[in-house]
$ cat input_31.cif   # mmCIF, C-alpha atoms
data_input
loop_
_atom_site.label_atom_id
_atom_site.label_comp_id
_atom_site.auth_asym_id
_atom_site.auth_seq_id
_atom_site.Cartn_x
_atom_site.Cartn_y
_atom_site.Cartn_z
CA MET A 1098 -28.63 6.32 -6.29
CA THR A 1099 -31.36 7.34 -8.70
CA SER A 1100 -32.76 10.77 -9.47
CA ASP A 1101 -36.41 11.73 -9.11
CA ALA A 1102 -38.87 12.45 -11.94
CA SER A 1103 -37.43 15.95 -12.43
CA GLY A 1104 -33.96 14.52 -12.95
CA ARG A 1105 -32.66 15.99 -9.69
CA LEU A 1106 -30.83 13.96 -7.08
CA PRO A 1107 -32.63 13.55 -3.74
CA GLU A 1108 -31.85 16.36 -1.27
CA ALA A 1109 -30.07 13.95 1.08
CA PHE A 1110 -27.44 13.29 -1.59
CA LEU A 1111 -26.73 17.01 -1.94
CA THR A 1112 -26.44 17.70 1.80
CA PRO A 1113 -24.53 14.81 3.40
CA GLY A 1114 -24.70 14.87 7.17
CA GLY A 1115 -21.00 14.48 7.88
CA SER A 1116 -17.48 14.54 6.51
CA SER A 1117 -17.19 10.75 6.18
CA PHE A 1118 -18.02 9.37 2.75
CA MET A 1119 -18.23 5.86 4.22
CA ASP A 1120 -20.90 6.98 6.72
CA PHE A 1121 -22.81 8.67 3.90
CA LEU A 1122 -22.61 5.52 1.78
CA ALA A 1123 -23.68 3.35 4.71
CA GLY A 1124 -26.78 5.50 5.16
CA HIS A 1125 -27.88 5.64 1.51
CA ALA A 1126 -26.39 2.65 -0.32
CA PRO A 1127 -24.93 0.21 2.23
CA ASP A 1128 -24.77 -2.58 -0.34
CA LEU A 1129 -21.91 -0.70 -2.04
CA LEU A 1130 -19.67 -1.11 0.99
CA PRO A 1131 -17.47 -4.23 0.72
CA GLY A 1132 -18.31 -5.50 4.20
CA ARG A 1133 -22.08 -5.33 3.63
CA ARG A 1134 -22.15 -7.71 0.69
CA ALA A 1135 -23.61 -11.17 1.06
CA LEU A 1136 -21.12 -13.96 0.37
CA GLY A 1137 -21.50 -17.67 -0.05
CA SER A 1138 -20.28 -20.02 2.64
CA GLY A 1139 -16.81 -21.53 2.73
CA ASP A 1140 -13.25 -20.37 2.27
CA LEU A 1141 -12.94 -18.39 -0.97
CA SER A 1142 -9.26 -17.50 -0.62
CA SER A 1143 -8.00 -20.01 -3.20
CA GLU A 1144 -10.42 -18.76 -5.87
CA VAL A 1145 -9.29 -15.14 -6.18
CA PRO A 1146 -5.93 -13.54 -7.02
CA HIS A 1147 -3.81 -12.46 -4.07
CA GLY A 1148 -1.17 -9.77 -4.01
CA THR A 1149 2.01 -9.93 -1.97
CA THR A 1150 4.84 -8.28 -0.71
CA ILE A 1151 4.88 -4.57 0.25
CA VAL A 1152 7.71 -2.68 1.96
CA ALA A 1153 7.98 0.83 3.36
CA ALA A 1154 10.86 2.76 4.91
CA THR A 1155 11.52 6.28 6.12
CA PHE A 1156 14.49 8.44 5.18
CA PRO A 1157 15.44 11.96 6.35
CA GLY A 1158 13.25 13.61 3.69
CA GLY A 1159 10.12 11.48 3.95
CA VAL A 1160 8.95 7.92 3.38
CA ILE A 1161 9.10 5.42 0.51
CA MET A 1162 6.75 2.54 -0.30
CA ALA A 1163 7.40 -0.22 -2.83
CA GLY A 1164 5.64 -3.38 -3.91
CA ASP A 1165 6.33 -6.37 -6.11
CA ARG A 1166 4.10 -6.92 -9.15
CA ARG A 1167 2.92 -10.54 -8.78
CA ALA A 1168 -0.58 -11.77 -7.99
CA THR A 1169 -1.14 -15.47 -7.36
CA MET A 1170 -4.18 -17.75 -7.28
CA GLY A 1171 -3.20 -20.86 -5.41
CA ASN A 1172 -0.08 -22.15 -7.11
CA ILE A 1173 -0.82 -20.19 -10.31
CA ILE A 1174 0.63 -16.81 -11.24
CA ALA A 1175 -2.55 -14.86 -11.95
CA GLN A 1176 -0.88 -11.60 -13.01
CA ARG A 1177 2.72 -10.46 -13.42
CA ASP A 1178 2.27 -6.69 -13.47
CA ILE A 1179 -0.37 -5.86 -10.87
CA GLU A 1180 0.06 -2.55 -9.05
CA LYS A 1181 -0.27 -2.53 -5.25
CA VAL A 1182 1.10 0.92 -4.33
CA PHE A 1183 -1.10 4.00 -4.79
CA PRO A 1184 -1.29 7.61 -3.65
CA ALA A 1185 -3.92 7.95 -0.91
CA ASP A 1186 -3.91 11.72 -1.26
CA GLU A 1187 -1.32 14.43 -1.92
CA TYR A 1188 0.85 13.57 1.10
CA SER A 1189 0.29 9.87 1.73
CA ALA A 1190 0.52 6.47 0.08
CA VAL A 1191 -1.32 3.22 0.60
CA ALA A 1192 -0.57 -0.33 -0.53
CA PHE A 1193 -2.15 -3.70 0.08
CA ALA A 1194 -1.41 -7.38 0.36
CA GLY A 1195 -4.13 -10.00 0.18
CA SER A 1196 -7.20 -10.36 -2.05
CA ALA A 1197 -6.34 -8.24 -5.07
CA GLY A 1198 -9.82 -7.25 -6.21
CA PHE A 1199 -11.00 -6.20 -2.77
CA GLY A 1200 -7.64 -4.57 -2.06
CA ILE A 1201 -7.94 -2.29 -5.09
CA GLU A 1202 -11.57 -1.53 -4.22
CA MET A 1203 -10.59 -0.65 -0.64
CA VAL A 1204 -7.84 1.65 -1.88
CA ARG A 1205 -10.26 3.49 -4.18
CA LEU A 1206 -12.82 3.87 -1.41
CA PHE A 1207 -10.12 5.21 0.91
CA GLN A 1208 -9.02 7.74 -1.72
CA VAL A 1209 -12.61 8.95 -2.11
CA GLU A 1210 -13.02 9.10 1.67
CA LEU A 1211 -10.03 11.45 2.02
CA GLU A 1212 -11.07 13.59 -0.95
CA HIS A 1213 -14.65 13.81 0.35
CA TYR A 1214 -13.44 15.03 3.75
CA GLU A 1215 -11.15 17.63 2.20
CA LYS A 1216 -13.90 19.03 -0.02
CA LEU A 1217 -16.44 19.30 2.78
CA GLU A 1218 -14.13 20.57 5.51
CA GLY A 1219 -11.82 22.69 3.36
CA ALA A 1220 -8.79 21.11 5.00
CA THR A 1221 -6.92 17.83 4.89
CA LEU A 1222 -7.06 15.28 7.68
CA SER A 1223 -4.04 14.90 9.90
CA LEU A 1224 -1.90 11.85 9.15
CA ASP A 1225 -3.24 10.17 12.29
CA GLY A 1226 -6.77 10.96 11.14
CA LYS A 1227 -6.13 9.35 7.77
CA ALA A 1228 -4.68 6.28 9.46
CA ASN A 1229 -7.78 6.02 11.67
CA ARG A 1230 -10.13 6.29 8.67
CA LEU A 1231 -8.33 3.40 6.98
CA SER A 1232 -8.62 1.39 10.21
CA ALA A 1233 -12.40 1.82 10.17
CA LEU A 1234 -12.55 0.76 6.53
CA ILE A 1235 -10.58 -2.42 7.26
CA ARG A 1236 -12.81 -3.22 10.21
CA GLY A 1237 -15.83 -3.06 7.90
CA ASN A 1238 -14.22 -5.76 5.74
CA LEU A 1239 -14.05 -8.25 8.64
CA PRO A 1240 -16.90 -10.50 7.40
CA MET A 1241 -14.99 -11.02 4.14
CA ALA A 1242 -11.74 -11.60 6.01
CA MET A 1243 -13.44 -14.37 7.98
CA GLN A 1244 -14.06 -16.14 4.67
CA GLY A 1245 -10.48 -15.85 3.50
CA LEU A 1246 -10.79 -12.60 1.53
CA THR A 1247 -8.35 -10.73 3.73
CA VAL A 1248 -6.90 -7.35 2.75
CA VAL A 1249 -3.98 -6.05 4.83
CA PRO A 1250 -2.94 -2.52 3.85
CA LEU A 1251 0.20 -0.59 4.64
CA PHE A 1252 -0.16 3.17 5.00
CA ALA A 1253 2.54 5.85 5.04
CA GLY A 1254 2.75 9.57 4.67
CA TYR A 1255 4.58 12.79 5.37
CA ASP A 1256 3.60 14.44 8.65
CA HIS A 1257 4.04 18.21 8.39
CA ASP A 1258 3.66 18.57 12.17
CA ILE A 1259 6.94 16.75 12.78
CA ASN A 1260 8.48 17.14 9.31
CA ALA A 1261 9.06 13.41 8.89
CA GLY A 1262 7.64 10.33 7.25
CA ARG A 1263 5.56 7.84 9.24
CA ILE A 1264 4.42 4.26 8.61
CA PHE A 1265 1.27 2.49 9.85
CA SER A 1266 0.49 -1.22 9.66
CA TYR A 1267 -2.84 -2.96 10.30
CA ASP A 1268 -4.29 -6.32 11.20
CA PRO A 1269 -7.42 -7.79 9.57
CA THR A 1270 -9.64 -6.51 12.42
CA GLY A 1271 -8.61 -2.89 11.81
CA GLY A 1272 -6.00 -2.68 14.55
CA ARG A 1273 -3.57 0.16 13.78
CA TYR A 1274 0.11 0.12 14.69
CA GLU A 1275 2.77 2.74 14.01
CA GLU A 1276 6.05 1.26 12.83
CA THR A 1277 9.57 2.63 13.33
CA HIS A 1278 11.86 3.18 10.33
CA PHE A 1279 10.60 0.33 8.11
CA TYR A 1280 8.00 -2.40 7.78
CA SER A 1281 6.67 -4.97 5.33
CA VAL A 1282 3.47 -6.98 4.81
CA GLY A 1283 2.52 -9.92 2.63
CA SER A 1284 3.66 -13.51 2.30
CA GLY A 1285 7.26 -12.49 1.63
CA SER A 1286 7.34 -9.90 4.41
CA LEU A 1287 9.41 -12.03 6.77
CA PHE A 1288 12.25 -12.26 4.25
CA ALA A 1289 11.94 -8.63 3.15
CA ARG A 1290 12.05 -7.44 6.75
CA GLY A 1291 15.11 -9.56 7.42
CA ALA A 1292 16.91 -7.83 4.55
CA LEU A 1293 15.79 -4.41 5.75
CA LYS A 1294 17.12 -5.13 9.25
CA LYS A 1295 20.58 -5.73 7.83
CA LEU A 1296 20.74 -2.97 5.19
CA TYR A 1297 18.64 -0.09 6.53
CA ARG A 1298 20.21 3.00 8.11
CA GLU A 1299 18.43 6.12 9.34
CA ASP A 1300 20.68 8.42 7.29
CA LEU A 1301 20.04 6.81 3.89
CA SER A 1302 19.50 9.14 0.96
CA GLU A 1303 16.31 8.74 -1.07
CA THR A 1304 18.13 6.79 -3.80
CA ASP A 1305 19.94 4.54 -1.32
CA CYS A 1306 16.69 3.90 0.55
CA VAL A 1307 14.98 2.82 -2.69
CA THR A 1308 17.96 0.57 -3.46
CA VAL A 1309 17.70 -1.10 -0.04
CA MET A 1310 13.97 -1.69 -0.58
CA ILE A 1311 14.59 -3.20 -4.02
CA GLN A 1312 17.16 -5.52 -2.46
CA SER A 1313 14.61 -6.53 0.19
CA LEU A 1314 12.00 -7.38 -2.47
CA ILE A 1315 14.55 -9.46 -4.37
CA ASP A 1316 15.31 -11.35 -1.14
CA ALA A 1317 11.58 -11.87 -0.56
CA ALA A 1318 11.14 -13.26 -4.09
CA ASP A 1319 14.17 -15.51 -3.55
CA ASP A 1320 12.46 -17.34 -0.67
CA ASP A 1321 8.72 -16.81 -1.23
CA SER A 1322 7.15 -18.25 -4.36
CA ALA A 1323 4.19 -15.85 -4.21
CA THR A 1324 6.43 -12.77 -4.40
CA GLY A 1325 7.57 -11.71 -7.85
CA GLY A 1326 11.10 -10.41 -8.19
CA PRO A 1327 12.08 -7.97 -10.95
CA ASP A 1328 11.17 -9.56 -14.28
CA MET A 1329 14.33 -8.89 -16.26
CA LEU A 1330 12.99 -10.53 -19.44
CA ARG A 1331 9.71 -8.57 -19.57
CA ARG A 1332 11.24 -5.50 -17.83
CA ILE A 1333 8.57 -5.46 -15.12
CA PHE A 1334 9.86 -3.73 -12.00
CA PRO A 1335 8.49 -2.83 -8.55
CA VAL A 1336 6.21 0.17 -8.17
CA VAL A 1337 7.91 2.75 -5.95
CA GLY A 1338 6.08 5.70 -4.38
CA VAL A 1339 7.94 8.52 -2.60
CA VAL A 1340 6.22 10.94 -0.19
CA THR A 1341 8.03 14.10 0.91
CA ALA A 1342 7.11 17.64 1.96
CA ASP A 1343 6.47 18.29 -1.74
CA GLY A 1344 3.86 15.52 -1.91
CA TYR A 1345 3.51 12.05 -3.42
CA ARG A 1346 5.25 11.05 -6.60
CA ARG A 1347 5.73 7.75 -8.32
CA LEU A 1348 9.36 7.06 -9.13
CA PRO A 1349 9.72 6.99 -12.94
CA GLU A 1350 10.07 3.56 -14.52
CA ASP A 1351 13.47 4.32 -16.00
CA GLU A 1352 14.88 5.31 -12.59
CA VAL A 1353 13.58 2.14 -10.98
CA ALA A 1354 14.94 0.10 -13.90
CA ALA A 1355 18.42 1.59 -13.47
CA LEU A 1356 18.46 0.77 -9.74
CA VAL A 1357 17.18 -2.76 -10.40
CA ASP A 1358 19.83 -3.32 -13.08
CA ALA A 1359 22.54 -2.23 -10.64
CA ALA A 1360 21.17 -4.50 -7.90
CA TRP A 1361 20.91 -7.39 -10.35
CA ALA A 1362 24.52 -6.90 -11.42
CA GLN A 1363 25.55 -7.13 -7.76
CA ARG A 1364 23.64 -10.39 -7.45
CA HIS A 1365 25.78 -11.95 -10.16
CA GLN A 1366 28.75 -11.47 -7.84
CA ARG A 1367 26.90 -12.23 -4.60
CA PRO A 1368 23.59 -14.09 -5.22
CA ASP A 1369 22.42 -13.65 -1.62
CA GLY A 1370 22.66 -9.88 -1.85
CA PRO A 1371 24.97 -7.25 -0.39
CA ALA A 1372 26.59 -7.80 2.98
CA ALA A 1373 25.45 -5.72 5.94
CA THR A 1374 27.67 -2.93 7.20
CA SER A 1375 30.16 -4.09 9.81
CA LEU A 1376 29.30 -3.45 13.44
CA THR A 1377 32.86 -2.36 14.24
#
$ encode --input "input_31.cif" --output "structure tokens"
Amino acid sequence: MTSDASGRLPEAFLTPGGSSFMDFLAGHAPDLLPGRRALGSGDLSSEVPHGTTIVAATFPGGVIMAGDRRATMGNIIAQRDIEKVFPADEYSAVAFAGSAGFGIEMVRLFQVELEHYEKLEGATLSLDGKANRLSALIRGNLPMAMQGLTVVPLFAGYDHDINAGRIFSYDPTGGRYEETHFYSVGSGSLFARGALKKLYREDLSETDCVTVMIQSLIDAADDDSATGGPDMLRRIFPVVGVVTADGYRRLPEDEVAALVDAAWAQRHQRPDGPAATSLT
């Protein structure tokens, strides 16, 4: 996007024809969109770092999202402290599993898309509208997904219309699905979801809900080599984002550390994690 001889941007850049930043970008610089880039042939999935496991769960005051910190490249640990959970806007959070570089790029583009809409329209999108915008962005990444560079996000936010948190999952083609109570994505998602099924309750407090999610990530790391559990030696802990009626906030590191230390102490007594509440 270059300026003219007078140093001014072209008029089209100053008067975009819609509220979608992705549509504007597609019209003026389509090569900047991830799905429009030319790629070589073959499966590239083993050549780039991949992020894994993300979990999300609702509680009476909102919704919480957490992610482990490991990125792998084949059988190699590529990074131990990658961040996969981000604020999408003031009242929503987004996280990703899959190709790390493209996942972070997709998150940033989604953040700009929501900010662009809000600035032009003077109002925020509904939570369903945000979920649909992310679906379109994922669909545009399909050519890369076909070559192994898959990005599978998880989206959650606080819906002021119903005064509750909501969770949306996606498939690589952009299919959008609303989940009930909790969900997980990534290579360790099967094990994390199994833990959530046993420990989750609808009446959990915020702190208890975070504790249950930490336990689920520890279970995922216990059975999935690509998922990184809490690194007690380096003091690297999951990123936890909380979205309530007051907006998004990242749980402070010291609070997460205290909950991880408590969960780890429990594991010394019961390595497989806490027992589920009795059905009787």
$ resolve_selection --input "input_31.cif" --expression "the PyMOL selection byres ((chain A and resi 1343-1360) around 7)" --output "PyMOL selection string"
chain A and resi 1184+1187-1189+1308+1311-1312+1334+1337-1342+1361-1364
$ resolve_selection --input "input_31.cif" --expression "the PyMOL selection byres ((chain A and resi 1150-1166) around 6)" --output "PDB file with C-alpha atoms, keeping the file's coordinate frame"
ATOM      1  CA  THR A1149       2.010  -9.930  -1.970  1.00  0.00           C
ATOM      2  CA  ARG A1167       2.920 -10.540  -8.780  1.00  0.00           C
ATOM      3  CA  ARG A1177       2.720 -10.460 -13.420  1.00  0.00           C
ATOM      4  CA  ASP A1178       2.270  -6.690 -13.470  1.00  0.00           C
ATOM      5  CA  ILE A1179      -0.370  -5.860 -10.870  1.00  0.00           C
ATOM      6  CA  GLU A1180       0.060  -2.550  -9.050  1.00  0.00           C
ATOM      7  CA  TYR A1255       4.580  12.790   5.370  1.00  0.00           C
ATOM      8  CA  ALA A1261       9.060  13.410   8.890  1.00  0.00           C
ATOM      9  CA  GLY A1262       7.640  10.330   7.250  1.00  0.00           C
ATOM     10  CA  HIS A1278      11.860   3.180  10.330  1.00  0.00           C
ATOM     11  CA  PHE A1279      10.600   0.330   8.110  1.00  0.00           C
ATOM     12  CA  TYR A1280       8.000  -2.400   7.780  1.00  0.00           C
ATOM     13  CA  SER A1281       6.670  -4.970   5.330  1.00  0.00           C
ATOM     14  CA  VAL A1282       3.470  -6.980   4.810  1.00  0.00           C
ATOM     15  CA  GLY A1283       2.520  -9.920   2.630  1.00  0.00           C
ATOM     16  CA  GLY A1285       7.260 -12.490   1.630  1.00  0.00           C
ATOM     17  CA  SER A1286       7.340  -9.900   4.410  1.00  0.00           C
ATOM     18  CA  LEU A1301      20.040   6.810   3.890  1.00  0.00           C
ATOM     19  CA  GLY A1325       7.570 -11.710  -7.850  1.00  0.00           C
ATOM     20  CA  PRO A1335       8.490  -2.830  -8.550  1.00  0.00           C
ATOM     21  CA  VAL A1336       6.210   0.170  -8.170  1.00  0.00           C
ATOM     22  CA  VAL A1337       7.910   2.750  -5.950  1.00  0.00           C
ATOM     23  CA  GLY A1338       6.080   5.700  -4.380  1.00  0.00           C
ATOM     24  CA  VAL A1339       7.940   8.520  -2.600  1.00  0.00           C
ATOM     25  CA  VAL A1340       6.220  10.940  -0.190  1.00  0.00           C
ATOM     26  CA  THR A1341       8.030  14.100   0.910  1.00  0.00           C
TER      27      THR A1341
END
$ axis_aligned_box --input "input_31.cif" --around "region 1201-1219 of chain A" --padding-each-side "5 Å" --output "lines of an AutoDock Vina configuration file"
center_x = -12.1
center_y = 10.2
center_z = 0.2
size_x = 18.6
size_y = 35.0
size_z = 20.6
$ atom_distance --input "input_31.cif" --atom1 "CA of Asp1256 (chain A)" --atom2 "CA of Ile1201 (chain A)"
24.5 Å
$ resolve_selection --input "input_31.cif" --expression "the PyMOL selection byres ((chain A and resi 1192-1199) around 8)" --output "number ranges by chain"
A: 1131, 1142, 1145-1151, 1162, 1164, 1168, 1181-1183, 1190-1191, 1200-1204, 1246-1252, 1282-1283
$ atom_distance --input "input_31.cif" --atom1 "CA of Asp1316 (chain A)" --atom2 "CA of Gln1366 (chain A)"
15.0 Å
$ atom_distance --input "input_31.cif" --atom1 "CA of Met1170 (chain A)" --atom2 "CA of Ala1323 (chain A)"
9.1 Å
$ closest_residue --input "input_31.cif" --among "A:Arg1205, A:His1257, A:His1365, A:Arg1236" --to "Ser1223 (chain A)" --atoms "only C-alpha atoms"
A:His1257
$ closest_residue --input "input_31.cif" --among "A:Glu1210, A:Asp1328, A:Asp1225, A:Asp1321" --to "Ala1253 (chain A)" --atoms "only C-alpha atoms"
A:Asp1225
$ closest_residue --input "input_31.cif" --among "A:Val1209, A:Ile1259, A:Leu1239, A:Pro1368" --to "Leu1224 (chain A)" --atoms "all atoms listed in the file"
A:Ile1259
$ build_atoms --input "input_31.cif" --residues "region 1343-1354 of chain A" --atoms "all heavy atoms" --output "PDB file, keeping the file's coordinate frame"
ATOM      1  N   ASP A1343       7.001  17.821  -0.461  1.00  0.00           N
ATOM      2  CA  ASP A1343       6.470  18.290  -1.740  1.00  0.00           C
ATOM      3  C   ASP A1343       5.297  17.450  -2.227  1.00  0.00           C
ATOM      4  O   ASP A1343       4.701  17.756  -3.263  1.00  0.00           O
ATOM      5  CB  ASP A1343       7.574  18.287  -2.802  1.00  0.00           C
ATOM      6  CG  ASP A1343       8.688  19.263  -2.479  1.00  0.00           C
ATOM      7  OD1 ASP A1343       8.372  20.334  -1.920  1.00  0.00           O
ATOM      8  OD2 ASP A1343       9.859  18.955  -2.769  1.00  0.00           O
ATOM      9  N   GLY A1344       4.977  16.362  -1.524  1.00  0.00           N
ATOM     10  CA  GLY A1344       3.860  15.520  -1.910  1.00  0.00           C
ATOM     11  C   GLY A1344       4.279  14.152  -2.401  1.00  0.00           C
ATOM     12  O   GLY A1344       5.453  13.769  -2.321  1.00  0.00           O
ATOM     13  N   TYR A1345       3.281  13.415  -2.916  1.00  0.00           N
ATOM     14  CA  TYR A1345       3.510  12.050  -3.420  1.00  0.00           C
ATOM     15  C   TYR A1345       3.978  12.104  -4.873  1.00  0.00           C
ATOM     16  O   TYR A1345       3.486  12.907  -5.663  1.00  0.00           O
ATOM     17  CB  TYR A1345       2.216  11.239  -3.348  1.00  0.00           C
ATOM     18  CG  TYR A1345       2.319   9.860  -3.984  1.00  0.00           C
ATOM     19  CD1 TYR A1345       2.623   8.745  -3.225  1.00  0.00           C
ATOM     20  CD2 TYR A1345       2.104   9.679  -5.360  1.00  0.00           C
ATOM     21  CE1 TYR A1345       2.719   7.479  -3.791  1.00  0.00           C
ATOM     22  CE2 TYR A1345       2.203   8.425  -5.939  1.00  0.00           C
ATOM     23  CZ  TYR A1345       2.510   7.323  -5.150  1.00  0.00           C
ATOM     24  OH  TYR A1345       2.613   6.074  -5.735  1.00  0.00           O
ATOM     25  N   ARG A1346       4.909  11.252  -5.194  1.00  0.00           N
ATOM     26  CA  ARG A1346       5.250  11.050  -6.600  1.00  0.00           C
ATOM     27  C   ARG A1346       5.654   9.598  -6.804  1.00  0.00           C
ATOM     28  O   ARG A1346       6.225   8.964  -5.915  1.00  0.00           O
ATOM     29  CB  ARG A1346       6.383  11.981  -7.042  1.00  0.00           C
ATOM     30  CG  ARG A1346       7.779  11.565  -6.617  1.00  0.00           C
ATOM     31  CD  ARG A1346       8.824  12.554  -7.126  1.00  0.00           C
ATOM     32  NE  ARG A1346      10.173  12.047  -6.978  1.00  0.00           N
ATOM     33  CZ  ARG A1346      10.863  12.051  -5.840  1.00  0.00           C
ATOM     34  NH1 ARG A1346      10.327  12.555  -4.739  1.00  0.00           N
ATOM     35  NH2 ARG A1346      12.085  11.562  -5.803  1.00  0.00           N
ATOM     36  N   ARG A1347       5.307   9.091  -7.951  1.00  0.00           N
ATOM     37  CA  ARG A1347       5.730   7.750  -8.320  1.00  0.00           C
ATOM     38  C   ARG A1347       7.083   7.839  -9.000  1.00  0.00           C
ATOM     39  O   ARG A1347       7.271   8.645  -9.914  1.00  0.00           O
ATOM     40  CB  ARG A1347       4.706   7.102  -9.243  1.00  0.00           C
ATOM     41  CG  ARG A1347       5.130   5.732  -9.761  1.00  0.00           C
ATOM     42  CD  ARG A1347       3.987   5.017 -10.431  1.00  0.00           C
ATOM     43  NE  ARG A1347       4.434   3.834 -11.144  1.00  0.00           N
ATOM     44  CZ  ARG A1347       3.642   2.873 -11.592  1.00  0.00           C
ATOM     45  NH1 ARG A1347       2.332   2.967 -11.389  1.00  0.00           N
ATOM     46  NH2 ARG A1347       4.110   1.836 -12.247  1.00  0.00           N
ATOM     47  N   LEU A1348       8.032   7.041  -8.540  1.00  0.00           N
ATOM     48  CA  LEU A1348       9.360   7.060  -9.130  1.00  0.00           C
ATOM     49  C   LEU A1348       9.262   6.594 -10.580  1.00  0.00           C
ATOM     50  O   LEU A1348       8.663   5.559 -10.873  1.00  0.00           O
ATOM     51  CB  LEU A1348      10.298   6.146  -8.338  1.00  0.00           C
ATOM     52  CG  LEU A1348      11.784   6.509  -8.353  1.00  0.00           C
ATOM     53  CD1 LEU A1348      12.002   7.864  -7.698  1.00  0.00           C
ATOM     54  CD2 LEU A1348      12.597   5.442  -7.633  1.00  0.00           C
ATOM     55  N   PRO A1349       9.814   7.362 -11.521  1.00  0.00           N
ATOM     56  CA  PRO A1349       9.720   6.990 -12.940  1.00  0.00           C
ATOM     57  C   PRO A1349      10.274   5.593 -13.217  1.00  0.00           C
ATOM     58  O   PRO A1349      11.222   5.144 -12.560  1.00  0.00           O
ATOM     59  CB  PRO A1349      10.553   8.067 -13.641  1.00  0.00           C
ATOM     60  CG  PRO A1349      10.537   9.224 -12.717  1.00  0.00           C
ATOM     61  CD  PRO A1349      10.528   8.639 -11.328  1.00  0.00           C
ATOM     62  N   GLU A1350       9.685   4.933 -14.187  1.00  0.00           N
ATOM     63  CA  GLU A1350      10.070   3.560 -14.520  1.00  0.00           C
ATOM     64  C   GLU A1350      11.539   3.439 -14.875  1.00  0.00           C
ATOM     65  O   GLU A1350      12.200   2.461 -14.489  1.00  0.00           O
ATOM     66  CB  GLU A1350       9.199   3.076 -15.691  1.00  0.00           C
ATOM     67  CG  GLU A1350       9.352   1.594 -16.021  1.00  0.00           C
ATOM     68  CD  GLU A1350       8.497   0.700 -15.133  1.00  0.00           C
ATOM     69  OE1 GLU A1350       7.704   1.222 -14.343  1.00  0.00           O
ATOM     70  OE2 GLU A1350       8.637  -0.514 -15.255  1.00  0.00           O
ATOM     71  N   ASP A1351      12.069   4.427 -15.594  1.00  0.00           N
ATOM     72  CA  ASP A1351      13.470   4.320 -16.000  1.00  0.00           C
ATOM     73  C   ASP A1351      14.419   4.427 -14.805  1.00  0.00           C
ATOM     74  O   ASP A1351      15.468   3.777 -14.775  1.00  0.00           O
ATOM     75  CB  ASP A1351      13.811   5.371 -17.066  1.00  0.00           C
ATOM     76  CG  ASP A1351      13.549   6.789 -16.605  1.00  0.00           C
ATOM     77  OD1 ASP A1351      12.803   6.971 -15.612  1.00  0.00           O
ATOM     78  OD2 ASP A1351      14.077   7.730 -17.240  1.00  0.00           O
ATOM     79  N   GLU A1352      14.049   5.219 -13.785  1.00  0.00           N
ATOM     80  CA  GLU A1352      14.880   5.310 -12.590  1.00  0.00           C
ATOM     81  C   GLU A1352      14.860   4.013 -11.803  1.00  0.00           C
ATOM     82  O   GLU A1352      15.895   3.553 -11.311  1.00  0.00           O
ATOM     83  CB  GLU A1352      14.405   6.475 -11.714  1.00  0.00           C
ATOM     84  CG  GLU A1352      14.653   7.852 -12.311  1.00  0.00           C
ATOM     85  CD  GLU A1352      14.283   8.970 -11.349  1.00  0.00           C
ATOM     86  OE1 GLU A1352      14.366   8.736 -10.119  1.00  0.00           O
ATOM     87  OE2 GLU A1352      13.915  10.058 -11.822  1.00  0.00           O
ATOM     88  N   VAL A1353      13.674   3.425 -11.671  1.00  0.00           N
ATOM     89  CA  VAL A1353      13.580   2.140 -10.980  1.00  0.00           C
ATOM     90  C   VAL A1353      14.354   1.074 -11.740  1.00  0.00           C
ATOM     91  O   VAL A1353      15.085   0.272 -11.148  1.00  0.00           O
ATOM     92  CB  VAL A1353      12.102   1.720 -10.815  1.00  0.00           C
ATOM     93  CG1 VAL A1353      12.011   0.345 -10.148  1.00  0.00           C
ATOM     94  CG2 VAL A1353      11.332   2.752 -10.010  1.00  0.00           C
ATOM     95  N   ALA A1354      14.237   1.081 -13.073  1.00  0.00           N
ATOM     96  CA  ALA A1354      14.940   0.100 -13.900  1.00  0.00           C
ATOM     97  C   ALA A1354      16.451   0.188 -13.710  1.00  0.00           C
ATOM     98  O   ALA A1354      17.145  -0.837 -13.603  1.00  0.00           O
ATOM     99  CB  ALA A1354      14.586   0.298 -15.368  1.00  0.00           C
TER     100      ALA A1354
END
